[in-house]
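Asker: Next comes model-v2.cif, mmCIF, C-alpha atoms and all ligand atoms:
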data_work
loop_
_atom_site.group_PDB
_atom_site.id
_atom_site.type_symbol
_atom_site.label_atom_id
_atom_site.label_comp_id
_atom_site.auth_asym_id
_atom_site.auth_seq_id
_atom_site.Cartn_x
_atom_site.Cartn_y
_atom_site.Cartn_z
ATOM 1 C CA MET A 616 11.939 25.935 -0.909
ATOM 2 C CA THR A 617 11.313 22.828 1.208
ATOM 3 C CA PRO A 618 9.818 20.134 -1.025
ATOM 4 C CA LEU A 619 6.296 18.939 -0.271
ATOM 5 C CA LEU A 620 7.252 15.416 -1.293
ATOM 6 C CA ALA A 621 10.782 14.039 -1.396
ATOM 7 C CA LEU A 622 11.453 10.563 -2.755
ATOM 8 C CA ASP A 623 14.891 9.125 -2.183
ATOM 9 C CA LYS A 624 16.282 5.965 -3.824
ATOM 10 C CA LEU A 625 12.941 4.144 -3.794
ATOM 11 C CA ARG A 626 13.183 0.508 -4.780
ATOM 12 C CA ARG A 627 10.577 -2.163 -5.387
ATOM 13 C CA ALA A 628 10.805 -5.556 -7.048
ATOM 14 C CA PHE A 629 8.136 -8.130 -7.925
ATOM 15 C CA TYR A 630 9.213 -11.772 -8.114
ATOM 16 C CA GLY A 631 12.841 -10.727 -8.320
ATOM 17 C CA LEU A 632 12.220 -8.253 -11.142
ATOM 18 C CA GLU A 633 13.154 -4.693 -10.210
ATOM 19 C CA VAL A 634 10.424 -2.291 -11.256
ATOM 20 C CA LEU A 635 11.591 0.721 -9.225
ATOM 21 C CA ARG A 636 15.361 0.893 -9.307
ATOM 22 C CA GLY A 637 16.178 3.848 -7.100
ATOM 23 C CA VAL A 638 13.674 6.618 -7.816
ATOM 24 C CA THR A 639 14.749 10.007 -6.503
ATOM 25 C CA PHE A 640 12.898 13.286 -7.081
ATOM 26 C CA THR A 641 11.062 16.046 -5.249
ATOM 27 C CA VAL A 642 7.748 17.799 -5.764
ATOM 28 C CA ALA A 643 7.706 21.503 -4.911
ATOM 29 C CA PRO A 644 4.606 22.914 -3.194
ATOM 30 C CA GLY A 645 2.190 24.763 -5.464
ATOM 31 C CA THR A 646 3.227 22.971 -8.660
ATOM 32 C CA ILE A 647 1.408 20.781 -11.117
ATOM 33 C CA THR A 648 4.260 18.351 -11.663
ATOM 34 C CA GLY A 649 4.065 15.980 -14.626
ATOM 35 C CA LEU A 650 5.319 12.387 -14.525
ATOM 36 C CA ILE A 651 5.777 10.844 -17.947
ATOM 37 C CA GLY A 652 7.605 7.899 -19.470
ATOM 38 C CA PRO A 653 7.033 4.918 -21.741
ATOM 39 C CA ASN A 654 4.670 2.069 -20.812
ATOM 40 C CA GLY A 655 6.111 -0.099 -18.063
ATOM 41 C CA ALA A 656 8.480 2.612 -16.784
ATOM 42 C CA GLY A 657 7.110 2.096 -13.255
ATOM 43 C CA LYS A 658 4.977 5.253 -12.927
ATOM 44 C CA THR A 659 1.841 3.569 -11.545
ATOM 45 C CA THR A 660 3.965 1.353 -9.328
ATOM 46 C CA LEU A 661 5.559 4.493 -7.942
ATOM 47 C CA PHE A 662 2.098 5.896 -7.101
ATOM 48 C CA ASN A 663 1.222 2.584 -5.447
ATOM 49 C CA VAL A 664 4.310 2.836 -3.287
ATOM 50 C CA VAL A 665 3.913 6.523 -2.415
ATOM 51 C CA SER A 666 0.229 6.103 -1.528
ATOM 52 C CA GLY A 667 0.966 3.181 0.793
ATOM 53 C CA LEU A 668 -0.656 0.454 -1.286
ATOM 54 C CA VAL A 669 2.643 -1.329 -1.889
ATOM 55 C CA PRO A 670 5.520 -1.004 0.604
ATOM 56 C CA PRO A 671 8.912 -0.082 -0.862
ATOM 57 C CA ASP A 672 11.800 -2.545 -0.516
ATOM 58 C CA ALA A 673 14.117 0.371 0.245
ATOM 59 C CA GLY A 674 14.288 4.124 0.138
ATOM 60 C CA SER A 675 12.491 7.007 1.743
ATOM 61 C CA ILE A 676 9.276 8.966 1.169
ATOM 62 C CA ALA A 677 9.162 12.265 3.032
ATOM 63 C CA PHE A 678 5.883 14.183 2.950
ATOM 64 C CA GLU A 679 6.085 17.644 4.525
ATOM 65 C CA GLY A 680 9.331 16.500 6.079
ATOM 66 C CA ARG A 681 7.809 13.422 7.711
ATOM 67 C CA GLU A 682 8.735 9.862 6.722
ATOM 68 C CA ILE A 683 5.639 8.069 5.428
ATOM 69 C CA ALA A 684 7.177 4.963 3.820
ATOM 70 C CA GLY A 685 5.435 1.879 5.187
ATOM 71 C CA LEU A 686 2.295 3.709 6.379
ATOM 72 C CA SER A 687 -1.099 2.267 5.382
ATOM 73 C CA PRO A 688 -3.040 3.941 2.532
ATOM 74 C CA ASP A 689 -5.482 5.324 5.131
ATOM 75 C CA ALA A 690 -2.717 6.859 7.186
ATOM 76 C CA VAL A 691 -1.116 8.370 4.072
ATOM 77 C CA SER A 692 -4.382 9.938 2.956
ATOM 78 C CA ARG A 693 -5.063 11.252 6.469
ATOM 79 C CA ALA A 694 -1.632 12.875 6.334
ATOM 80 C CA GLY A 695 -2.920 14.889 3.354
ATOM 81 C CA LEU A 696 -1.596 12.874 0.410
ATOM 82 C CA VAL A 697 -4.455 11.472 -1.649
ATOM 83 C CA ARG A 698 -4.631 9.528 -4.889
ATOM 84 C CA THR A 699 -7.663 8.995 -7.059
ATOM 85 C CA PHE A 700 -9.242 5.616 -7.626
ATOM 86 C CA GLN A 701 -11.711 4.490 -10.212
ATOM 87 C CA VAL A 702 -15.248 5.250 -9.075
ATOM 88 C CA ALA A 703 -16.600 2.101 -10.680
ATOM 89 C CA ARG A 704 -14.537 0.163 -8.167
ATOM 90 C CA GLY A 705 -16.117 -0.199 -4.754
ATOM 91 C CA PHE A 706 -19.673 1.052 -4.388
ATOM 92 C CA PRO A 707 -21.367 1.420 -7.794
ATOM 93 C CA ARG A 708 -24.874 1.864 -6.354
ATOM 94 C CA LEU A 709 -24.033 4.874 -4.222
ATOM 95 C CA SER A 710 -25.113 8.261 -5.536
ATOM 96 C CA VAL A 711 -22.698 11.035 -6.441
ATOM 97 C CA PHE A 712 -23.545 12.717 -3.125
ATOM 98 C CA GLN A 713 -22.954 9.547 -1.119
ATOM 99 C CA HIS A 714 -19.623 8.992 -2.853
ATOM 100 C CA LEU A 715 -18.458 12.456 -1.856
ATOM 101 C CA MET A 716 -19.693 12.083 1.730
ATOM 102 C CA LEU A 717 -17.995 8.710 2.081
ATOM 103 C CA TYR A 718 -14.594 10.223 1.429
ATOM 104 C CA GLY A 719 -15.094 13.363 3.475
ATOM 105 C CA ARG A 720 -16.056 11.302 6.480
ATOM 106 C CA ASP A 721 -12.797 9.382 6.508
ATOM 107 C CA GLN A 722 -10.986 12.029 8.522
ATOM 108 C CA PRO A 723 -8.572 11.730 11.468
ATOM 109 C CA GLY A 724 -10.191 10.736 14.721
ATOM 110 C CA GLU A 725 -13.638 11.109 13.208
ATOM 111 C CA SER A 726 -15.370 8.110 14.746
ATOM 112 C CA LEU A 727 -13.617 8.653 18.057
ATOM 113 C CA TRP A 728 -14.937 12.206 18.303
ATOM 114 C CA HIS A 729 -18.419 11.023 17.486
ATOM 115 C CA ALA A 730 -18.199 8.477 20.253
ATOM 116 C CA VAL A 731 -16.884 11.013 22.758
ATOM 117 C CA LEU A 732 -18.959 14.061 21.891
ATOM 118 C CA GLY A 733 -22.183 12.338 21.002
ATOM 119 C CA THR A 734 -24.791 13.172 18.443
ATOM 120 C CA ARG A 735 -24.854 16.991 18.420
ATOM 121 C CA ALA A 736 -21.255 17.346 17.257
ATOM 122 C CA ALA A 737 -21.771 14.449 14.897
ATOM 123 C CA ARG A 738 -24.772 16.143 13.329
ATOM 124 C CA GLN A 739 -22.903 19.414 12.944
ATOM 125 C CA ARG A 740 -19.977 17.653 11.308
ATOM 126 C CA GLU A 741 -22.370 15.855 8.993
ATOM 127 C CA GLU A 742 -23.940 19.168 7.935
ATOM 128 C CA GLU A 743 -20.536 20.683 7.236
ATOM 129 C CA LEU A 744 -19.639 17.650 5.161
ATOM 130 C CA ALA A 745 -22.876 17.854 3.181
ATOM 131 C CA GLU A 746 -22.165 21.529 2.498
ATOM 132 C CA ARG A 747 -18.676 20.628 1.271
ATOM 133 C CA ALA A 748 -20.056 17.793 -0.881
ATOM 134 C CA TRP A 749 -22.430 20.266 -2.559
ATOM 135 C CA GLU A 750 -19.665 22.810 -3.031
ATOM 136 C CA THR A 751 -17.410 20.151 -4.574
ATOM 137 C CA ALA A 752 -20.210 18.975 -6.867
ATOM 138 C CA ARG A 753 -20.897 22.561 -7.996
ATOM 139 C CA PHE A 754 -17.178 23.146 -8.582
ATOM 140 C CA LEU A 755 -17.022 20.088 -10.856
ATOM 141 C CA LYS A 756 -20.410 20.847 -12.423
ATOM 142 C CA LEU A 757 -21.789 17.573 -11.106
ATOM 143 C CA ASP A 758 -24.460 19.237 -8.935
ATOM 144 C CA ARG A 759 -27.280 18.446 -11.371
ATOM 145 C CA LEU A 760 -26.297 14.781 -11.123
ATOM 146 C CA ILE A 761 -25.802 14.698 -7.377
ATOM 147 C CA ASP A 762 -28.606 12.175 -6.688
ATOM 148 C CA ASN A 763 -27.761 9.930 -9.622
ATOM 149 C CA PRO A 764 -26.019 6.620 -8.991
ATOM 150 C CA ALA A 765 -22.339 6.811 -9.922
ATOM 151 C CA THR A 766 -22.908 4.061 -12.492
ATOM 152 C CA ALA A 767 -25.184 6.425 -14.465
ATOM 153 C CA LEU A 768 -22.302 8.867 -15.057
ATOM 154 C CA SER A 769 -20.360 9.005 -18.311
ATOM 155 C CA GLY A 770 -16.715 7.959 -18.306
ATOM 156 C CA GLY A 771 -15.617 11.578 -18.138
ATOM 157 C CA GLN A 772 -18.039 12.458 -15.339
ATOM 158 C CA LYS A 773 -16.712 9.487 -13.365
ATOM 159 C CA LYS A 774 -13.248 10.995 -13.705
ATOM 160 C CA LEU A 775 -14.573 14.254 -12.273
ATOM 161 C CA LEU A 776 -16.174 12.375 -9.385
ATOM 162 C CA GLU A 777 -12.852 10.657 -8.693
ATOM 163 C CA ILE A 778 -11.256 14.074 -8.359
ATOM 164 C CA GLY A 779 -14.180 15.263 -6.245
ATOM 165 C CA ARG A 780 -13.698 12.390 -3.826
ATOM 166 C CA ALA A 781 -10.014 13.193 -3.530
ATOM 167 C CA LEU A 782 -10.880 16.833 -2.790
ATOM 168 C CA MET A 783 -13.307 15.852 -0.036
ATOM 169 C CA ALA A 784 -10.335 14.469 1.880
ATOM 170 C CA GLU A 785 -8.859 18.019 1.951
ATOM 171 C CA PRO A 786 -5.501 16.956 0.549
ATOM 172 C CA ARG A 787 -2.343 19.008 0.195
ATOM 173 C CA LEU A 788 -1.006 16.711 -2.537
ATOM 174 C CA VAL A 789 -3.122 14.835 -5.098
ATOM 175 C CA LEU A 790 -1.760 11.999 -7.240
ATOM 176 C CA LEU A 791 -3.614 11.582 -10.533
ATOM 177 C CA ASP A 792 -2.920 8.541 -12.746
ATOM 178 C CA GLU A 793 -3.927 9.228 -16.367
ATOM 179 C CA PRO A 794 -6.987 11.387 -15.596
ATOM 180 C CA THR A 795 -7.687 12.037 -19.295
ATOM 181 C CA ALA A 796 -7.699 8.387 -20.383
ATOM 182 C CA GLY A 797 -10.984 7.723 -22.206
ATOM 183 C CA VAL A 798 -12.197 11.308 -21.732
ATOM 184 C CA ASN A 799 -13.517 13.387 -24.655
ATOM 185 C CA PRO A 800 -11.640 16.588 -25.687
ATOM 186 C CA THR A 801 -14.198 19.014 -24.177
ATOM 187 C CA LEU A 802 -14.129 17.331 -20.796
ATOM 188 C CA ARG A 803 -10.355 17.016 -21.014
ATOM 189 C CA ASN A 804 -10.085 20.794 -21.306
ATOM 190 C CA GLU A 805 -12.450 21.206 -18.354
ATOM 191 C CA LEU A 806 -10.329 18.805 -16.347
ATOM 192 C CA GLY A 807 -7.306 20.952 -17.100
ATOM 193 C CA GLU A 808 -9.188 24.046 -15.900
ATOM 194 C CA HIS A 809 -10.132 22.258 -12.684
ATOM 195 C CA LEU A 810 -6.511 21.370 -12.027
ATOM 196 C CA LEU A 811 -5.539 25.028 -12.398
ATOM 197 C CA VAL A 812 -8.228 26.007 -9.874
ATOM 198 C CA LEU A 813 -6.887 23.400 -7.461
ATOM 199 C CA GLN A 814 -3.437 24.856 -7.908
ATOM 200 C CA ARG A 815 -4.756 28.339 -7.126
ATOM 201 C CA ARG A 816 -6.358 26.937 -3.983
ATOM 202 C CA GLY A 817 -2.957 25.729 -2.835
ATOM 203 C CA ILE A 818 -3.318 22.045 -3.670
ATOM 204 C CA THR A 819 -0.217 20.522 -5.267
ATOM 205 C CA VAL A 820 -0.720 17.993 -8.066
ATOM 206 C CA LEU A 821 1.473 15.133 -9.291
ATOM 207 C CA LEU A 822 0.088 13.909 -12.589
ATOM 208 C CA ILE A 823 0.846 10.818 -14.717
ATOM 209 C CA GLU A 824 -0.322 11.297 -18.274
ATOM 210 C CA HIS A 825 0.337 10.025 -21.788
ATOM 211 C CA ASP A 826 -1.470 12.971 -23.417
ATOM 212 C CA MET A 827 1.499 15.204 -24.213
ATOM 213 C CA GLY A 828 -0.686 18.217 -25.083
ATOM 214 C CA PHE A 829 -2.278 18.035 -21.640
ATOM 215 C CA ILE A 830 1.148 17.749 -19.975
ATOM 216 C CA ALA A 831 2.602 20.601 -22.057
ATOM 217 C CA SER A 832 -0.242 22.981 -21.191
ATOM 218 C CA LEU A 833 -0.358 22.278 -17.439
ATOM 219 C CA CYS A 834 2.827 20.824 -16.011
ATOM 220 C CA ASN A 835 6.011 22.446 -14.829
ATOM 221 C CA PRO A 836 8.268 20.725 -14.109
ATOM 222 C CA VAL A 837 7.966 17.474 -16.039
ATOM 223 C CA ILE A 838 9.785 14.412 -14.695
ATOM 224 C CA VAL A 839 10.617 11.587 -17.098
ATOM 225 C CA MET A 840 10.865 7.999 -15.865
ATOM 226 C CA ALA A 841 12.224 5.057 -17.833
ATOM 227 C CA GLU A 842 13.018 1.540 -16.678
ATOM 228 C CA GLY A 843 12.364 2.264 -13.025
ATOM 229 C CA ARG A 844 14.492 5.393 -12.749
ATOM 230 C CA VAL A 845 14.253 9.125 -13.312
ATOM 231 C CA LEU A 846 15.789 9.891 -16.684
ATOM 232 C CA THR A 847 15.602 13.667 -16.531
ATOM 233 C CA GLU A 848 13.546 16.592 -15.316
ATOM 234 C CA GLY A 849 12.805 20.089 -16.635
ATOM 235 C CA THR A 850 10.237 22.093 -18.547
ATOM 236 C CA PHE A 851 8.195 20.204 -21.134
ATOM 237 C CA ASP A 852 10.273 21.708 -23.948
ATOM 238 C CA GLN A 853 13.524 20.813 -22.220
ATOM 239 C CA VAL A 854 12.667 17.170 -21.592
ATOM 240 C CA THR A 855 11.149 16.556 -25.020
ATOM 241 C CA ALA A 856 14.271 18.014 -26.658
ATOM 242 C CA ASP A 857 16.416 15.534 -24.702
ATOM 243 C CA ALA A 858 17.803 12.777 -26.936
ATOM 244 C CA ARG A 859 17.663 10.219 -24.092
ATOM 245 C CA VAL A 860 13.944 10.845 -23.661
ATOM 246 C CA ARG A 861 13.275 10.384 -27.378
ATOM 247 C CA GLU A 862 15.330 7.191 -27.288
ATOM 248 C CA ALA A 863 13.367 5.822 -24.325
ATOM 249 C CA TYR A 864 10.075 6.334 -26.170
ATOM 250 C CA LEU A 865 11.484 4.952 -29.448
ATOM 251 C CA GLY A 866 12.821 1.879 -27.666
ATOM 252 C CA GLN A 867 9.288 1.225 -26.519
ATOM 253 C CA ARG A 868 7.901 1.414 -30.051
ATOM 254 C CA ALA A 869 10.578 -0.965 -31.335
ATOM 255 C CA ALA A 870 9.851 -3.464 -28.553
HETATM 256 N N1 LIG A 901 1.847 -6.116 -8.270
HETATM 257 C C1 LIG A 901 2.679 -6.397 -9.278
HETATM 258 N N2 LIG A 901 3.132 -7.654 -9.482
HETATM 259 C C2 LIG A 901 3.970 -7.937 -10.485
HETATM 260 N N3 LIG A 901 4.421 -7.033 -11.367
HETATM 261 C C3 LIG A 901 4.026 -5.771 -11.238
HETATM 262 C C4 LIG A 901 3.126 -5.377 -10.194
HETATM 263 N N4 LIG A 901 2.894 -4.047 -10.318
HETATM 264 C C5 LIG A 901 3.597 -3.641 -11.390
HETATM 265 N N5 LIG A 901 4.278 -4.661 -11.945
HETATM 266 C C6 LIG A 901 5.163 -4.559 -13.126
HETATM 267 O O1 LIG A 901 5.894 -3.372 -13.054
HETATM 268 C C7 LIG A 901 6.176 -2.876 -14.359
HETATM 269 C C8 LIG A 901 5.849 -1.408 -14.420
HETATM 270 O O2 LIG A 901 4.450 -1.259 -14.414
HETATM 271 P P1 LIG A 901 3.708 0.127 -14.157
HETATM 272 O O3 LIG A 901 2.275 -0.159 -14.220
HETATM 273 O O4 LIG A 901 4.247 0.755 -12.930
HETATM 274 O O5 LIG A 901 4.179 0.978 -15.421
HETATM 275 P P2 LIG A 901 3.626 2.379 -15.937
HETATM 276 O O6 LIG A 901 4.818 3.252 -16.094
HETATM 277 O O7 LIG A 901 2.526 2.854 -15.094
HETATM 278 O O8 LIG A 901 3.096 1.999 -17.394
HETATM 279 P P3 LIG A 901 1.827 2.557 -18.210
HETATM 280 O O9 LIG A 901 2.289 3.860 -18.803
HETATM 281 O O10 LIG A 901 1.612 1.521 -19.278
HETATM 282 O O11 LIG A 901 0.679 2.688 -17.285
HETATM 283 C C9 LIG A 901 5.376 -3.723 -15.326
HETATM 284 O O12 LIG A 901 6.261 -4.618 -15.945
HETATM 285 C C10 LIG A 901 4.402 -4.443 -14.430
HETATM 286 O O13 LIG A 901 4.064 -5.686 -14.932
HETATM 287 MG MG MG A 902 0.512 3.240 -15.406
#
Taking this structure as input, can you express it in the form of structure tokens?

Answerer:
Amino acid sequence: MTPLLALDKLRRAFYGLEVLRGVTFTVAPGTITGLIGPNGAGKTTLFNVVSGLVPPDAGSIAFEGREIAGLSPDAVSRAGLVRTFQVARGFPRLSVFQHLMLYGRDQPGESLWHAVLGTRAARQREEELAERAWETARFLKLDRLIDNPATALSGGQKKLLEIGRALMAEPRLVLLDEPTAGVNPTLRNELGEHLLVLQRRGITVLLIEHDMGFIASLCNPVIVMAEGRVLTEGTFDQVTADARVREAYLGQRAA
């Protein structure tokens, strides 16, 4: 099958220190692919590069067969590749509803169409967006909180809102960086359920996580990164049985 995302020999250094040292892997459509590895392996940096926040020094990023390396974060997300960001960042006073609308509105050619077609089309689009915001809130069980300011949400609910915002952009691939960090076990299970629903809806997920139970129950395949490279890839059981993977994690503990 043609990969949805294909990374080839991606490199990135900061102040002469190589953090990504030739990262090559693919993400197949329809998967929840796990990305694991010890602290400092370069996982978040890889997301920064793929999402357009940080340009790569070398290498290629093909999304649906199209080269996207060097595109701006906006252009990448318009192409259908979206990553989540912390809700607390940005606009803390906006309500849950406003947060969802803000992301849905950021669609290709949106403002241009409004300018060309005038207010009727704009109003219709706005109504569709509001409908989608409600649907997303209901899906994530945030509908009761829809008029609350985002700051009033619990840590776990903020995580759900982050995912909701990503969904409003109608992505084909979502990048999630440690979605369960600081989330209680009940909400963590719900998060897992949500990811499975996304998968059934045809959205592909690439997930960084340190919670091995979460990875084991959701992800196939699992890709292991260490020291800026892919160490191995396979099912959760395969990669955790790999001596090199154990060594990489042990090396971290000894450090
Ligand atoms: N903008 C930057 N400037 C300088 N160094 C950076 C920058 N971004 C990342 N690094 C360095 O890259 C290395 C890898 O960091 P990264 O956050 O990608 O690791 P990670 O695999 O996500 O780790 P963790 O599991 O702890 O989140 C670290 O040594 C970090 O200090
Ligand atoms: Mg990280």

Asker: I would like the residues chosen by the PyMOL selection byres (((chain A and resi 633-638) around 9) and not hetatm) on the shown file; could you give them as a short mmCIF file (atom, residue, chain, number, x, y, z; two decimals) with C-alpha atoms, in the frame of the given file?

Answerer:
data_model
loop_
_atom_site.label_atom_id
_atom_site.label_comp_id
_atom_site.auth_asym_id
_atom_site.auth_seq_id
_atom_site.Cartn_x
_atom_site.Cartn_y
_atom_site.Cartn_z
CA LEU A 622 11.45 10.56 -2.76
CA ASP A 623 14.89 9.12 -2.18
CA LYS A 624 16.28 5.96 -3.82
CA LEU A 625 12.94 4.14 -3.79
CA ARG A 626 13.18 0.51 -4.78
CA ARG A 627 10.58 -2.16 -5.39
CA ALA A 628 10.80 -5.56 -7.05
CA PHE A 629 8.14 -8.13 -7.92
CA TYR A 630 9.21 -11.77 -8.11
CA GLY A 631 12.84 -10.73 -8.32
CA LEU A 632 12.22 -8.25 -11.14
CA THR A 639 14.75 10.01 -6.50
CA PHE A 640 12.90 13.29 -7.08
CA GLY A 655 6.11 -0.10 -18.06
CA ALA A 656 8.48 2.61 -16.78
CA GLY A 657 7.11 2.10 -13.26
CA LYS A 658 4.98 5.25 -12.93
CA THR A 660 3.96 1.35 -9.33
CA LEU A 661 5.56 4.49 -7.94
CA PRO A 671 8.91 -0.08 -0.86
CA ALA A 673 14.12 0.37 0.24
CA GLY A 674 14.29 4.12 0.14
CA MET A 840 10.86 8.00 -15.86
CA GLU A 842 13.02 1.54 -16.68
CA GLY A 843 12.36 2.26 -13.02
CA ARG A 844 14.49 5.39 -12.75
CA VAL A 845 14.25 9.12 -13.31
#

Asker: Got a sec to check which residues lie within 7 Å of ligand MG 902 (chain A), using all atoms listed in the file, and send them as a ChimeraX atom specification?

Answerer: /A:654,658-659,792

Asker: Go ahead and find all residues with at least one atom no further than 12 Å from (-21.1, 22.7, -8.6) in the file's coordinates, using all atoms listed in the file; report them as a PyMOL selection string.

Answerer: chain A and resi 711-712+746-761+775-776+779+809

Asker: With C-alpha atoms retained, could you export that selection as a PDB file, keeping the file's coordinate frame?

Answerer:
ATOM      1  CA  VAL A 711     -22.698  11.035  -6.441  1.00  0.00           C
ATOM      2  CA  PHE A 712     -23.545  12.717  -3.125  1.00  0.00           C
ATOM      3  CA  GLU A 746     -22.165  21.529   2.498  1.00  0.00           C
ATOM      4  CA  ARG A 747     -18.676  20.628   1.271  1.00  0.00           C
ATOM      5  CA  ALA A 748     -20.056  17.793  -0.881  1.00  0.00           C
ATOM      6  CA  TRP A 749     -22.430  20.266  -2.559  1.00  0.00           C
ATOM      7  CA  GLU A 750     -19.665  22.810  -3.031  1.00  0.00           C
ATOM      8  CA  THR A 751     -17.410  20.151  -4.574  1.00  0.00           C
ATOM      9  CA  ALA A 752     -20.210  18.975  -6.867  1.00  0.00           C
ATOM     10  CA  ARG A 753     -20.897  22.561  -7.996  1.00  0.00           C
ATOM     11  CA  PHE A 754     -17.178  23.146  -8.582  1.00  0.00           C
ATOM     12  CA  LEU A 755     -17.022  20.088 -10.856  1.00  0.00           C
ATOM     13  CA  LYS A 756     -20.410  20.847 -12.423  1.00  0.00           C
ATOM     14  CA  LEU A 757     -21.789  17.573 -11.106  1.00  0.00           C
ATOM     15  CA  ASP A 758     -24.460  19.237  -8.935  1.00  0.00           C
ATOM     16  CA  ARG A 759     -27.280  18.446 -11.371  1.00  0.00           C
ATOM     17  CA  LEU A 760     -26.297  14.781 -11.123  1.00  0.00           C
ATOM     18  CA  ILE A 761     -25.802  14.698  -7.377  1.00  0.00           C
ATOM     19  CA  LEU A 775     -14.573  14.254 -12.273  1.00  0.00           C
ATOM     20  CA  LEU A 776     -16.174  12.375  -9.385  1.00  0.00           C
ATOM     21  CA  GLY A 779     -14.180  15.263  -6.245  1.00  0.00           C
ATOM     22  CA  HIS A 809     -10.132  22.258 -12.684  1.00  0.00           C
TER      23      HIS A 809
END

Asker: Between A:Leu696, A:Val665, A:Ala781, A:Ala841, which has the minimum distance to ligand LIG 901 (chain A) (counting only C-alpha atoms and all ligand atoms)?

Answerer: A:Ala841

Asker: Starting from the PyMOL selection byres (((chain A and resi 798) around 10) and not hetatm), expand the selection into actual residues of this file and give them as a list in words.

Answerer: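 So the PyMOL selection byres (((chain A and resi 798) around 10) and not hetatm), applied here, picks out Ser769, Gly770, Gly771, Gln772, Lys773, Lys774, Pro794, Thr795, Ala796, Gly797, Asn799, Pro800, Thr801, Leu802, Arg803, Asn804 and Leu806 of chain A.
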
Asker: Suppose we keep C-alpha atoms; can you now write the selection as a PDB file, keeping the file's coordinate frame?

Answerer:
ATOM      1  CA  SER A 769     -20.360   9.005 -18.311  1.00  0.00           C
ATOM      2  CA  GLY A 770     -16.715   7.959 -18.306  1.00  0.00           C
ATOM      3  CA  GLY A 771     -15.617  11.578 -18.138  1.00  0.00           C
ATOM      4  CA  GLN A 772     -18.039  12.458 -15.339  1.00  0.00           C
ATOM      5  CA  LYS A 773     -16.712   9.487 -13.365  1.00  0.00           C
ATOM      6  CA  LYS A 774     -13.248  10.995 -13.705  1.00  0.00           C
ATOM      7  CA  PRO A 794      -6.987  11.387 -15.596  1.00  0.00           C
ATOM      8  CA  THR A 795      -7.687  12.037 -19.295  1.00  0.00           C
ATOM      9  CA  ALA A 796      -7.699   8.387 -20.383  1.00  0.00           C
ATOM     10  CA  GLY A 797     -10.984   7.723 -22.206  1.00  0.00           C
ATOM     11  CA  ASN A 799     -13.517  13.387 -24.655  1.00  0.00           C
ATOM     12  CA  PRO A 800     -11.640  16.588 -25.687  1.00  0.00           C
ATOM     13  CA  THR A 801     -14.198  19.014 -24.177  1.00  0.00           C
ATOM     14  CA  LEU A 802     -14.129  17.331 -20.796  1.00  0.00           C
ATOM     15  CA  ARG A 803     -10.355  17.016 -21.014  1.00  0.00           C
ATOM     16  CA  ASN A 804     -10.085  20.794 -21.306  1.00  0.00           C
ATOM     17  CA  LEU A 806     -10.329  18.805 -16.347  1.00  0.00           C
TER      18      LEU A 806
END

Asker: Have a look at atom N1 of ligand LIG 901 (chain A) and CA of Ala621 (chain A) and let me know their distance in Å, one decimal.

Answerer: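 Atom-to-atom, atom N1 of ligand LIG 901 (chain A) to CA of Ala621 (chain A), that is 23.1 Å.
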
Asker: For the atom pair CA of Thr855 (chain A) and CA of Thr648 (chain A), what is the interatomic distance in Å to one decimal place?

Answerer: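 One can read the CA of Thr855 (chain A) to CA of Thr648 (chain A) distance as 15.1 Å.
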
Asker: Can you work out which one of A:Ala677, A:Ala765, A:Val837, A:Val669 has the shortest atom-to-atom distance to ligand LIG 901 (chain A), counting only C-alpha atoms and all ligand atoms?

Answerer: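 Residue with the minimum atom-to-atom distance to ligand LIG 901 (chain A): A:Val669.
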
Asker: Give the answer as one residue: which of A:His825, A:Arg708, A:Arg859, A:Arg816 has the shortest atom-to-atom distance to ligand LIG 901 (chain A), using all atoms listed in the file?

Answerer: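 Using all atoms listed in the file, the shortest distance to ligand LIG 901 (chain A) belongs to A:His825.
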
Asker: So which residues get picked by the PyMOL selection byres (((chain A and resi 854) around 12) and not hetatm) here, written as a PyMOL selection string?

Answerer: chain A and resi 649-652+827+830-831+834-840+845-853+855-863

Asker: Quick one: everything within 9 Å of Gly695 (chain A), counting only C-alpha atoms, minus sequence neighbours fewer than 3 positions away in the same chain. Send it as a PyMOL selection string.

Answerer: chain A and resi 678+690-692+784-789

Asker: Go ahead and compute the interatomic distance for atom O2 of ligand LIG 901 (chain A) and CA of Arg681 (chain A), in Å to one decimal.

Answerer: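 These atoms are spaced 26.8 Å apart.
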
Asker: Just checking: using only C-alpha atoms and all ligand atoms, which residue out of A:Ile683, A:Leu744, A:Leu619, A:Val664 ends up closest to ligand LIG 901 (chain A)?

Answerer: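 That would be A:Val664, the residue with the smallest distance to ligand LIG 901 (chain A).
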
Asker: Looking at A:Glu741, A:Arg698, A:Phe829, A:Pro670, which one is nearest to ligand LIG 901 (chain A), with distances taken over only C-alpha atoms and all ligand atoms?

Answerer: A:Pro670

Asker: For region 751-762 of chain A of the structure just presented, write C-alpha atoms to a file, as a short mmCIF file (atom, residue, chain, number, x, y, z; two decimals), in the first residue's frame.

Answerer:
data_model
loop_
_atom_site.label_atom_id
_atom_site.label_comp_id
_atom_site.auth_asym_id
_atom_site.auth_seq_id
_atom_site.Cartn_x
_atom_site.Cartn_y
_atom_site.Cartn_z
CA THR A 751 -16.97 17.32 17.90
CA ALA A 752 -17.82 18.46 21.43
CA ARG A 753 -20.47 15.73 21.75
CA PHE A 754 -18.04 13.13 20.42
CA LEU A 755 -15.50 14.09 23.09
CA LYS A 756 -18.18 14.52 25.76
CA LEU A 757 -17.28 18.18 26.12
CA ASP A 758 -20.72 19.44 25.04
CA ARG A 759 -21.81 20.25 28.60
CA LEU A 760 -18.73 22.45 28.91
CA ILE A 761 -19.00 24.09 25.52
CA ASP A 762 -19.51 27.65 26.86
#
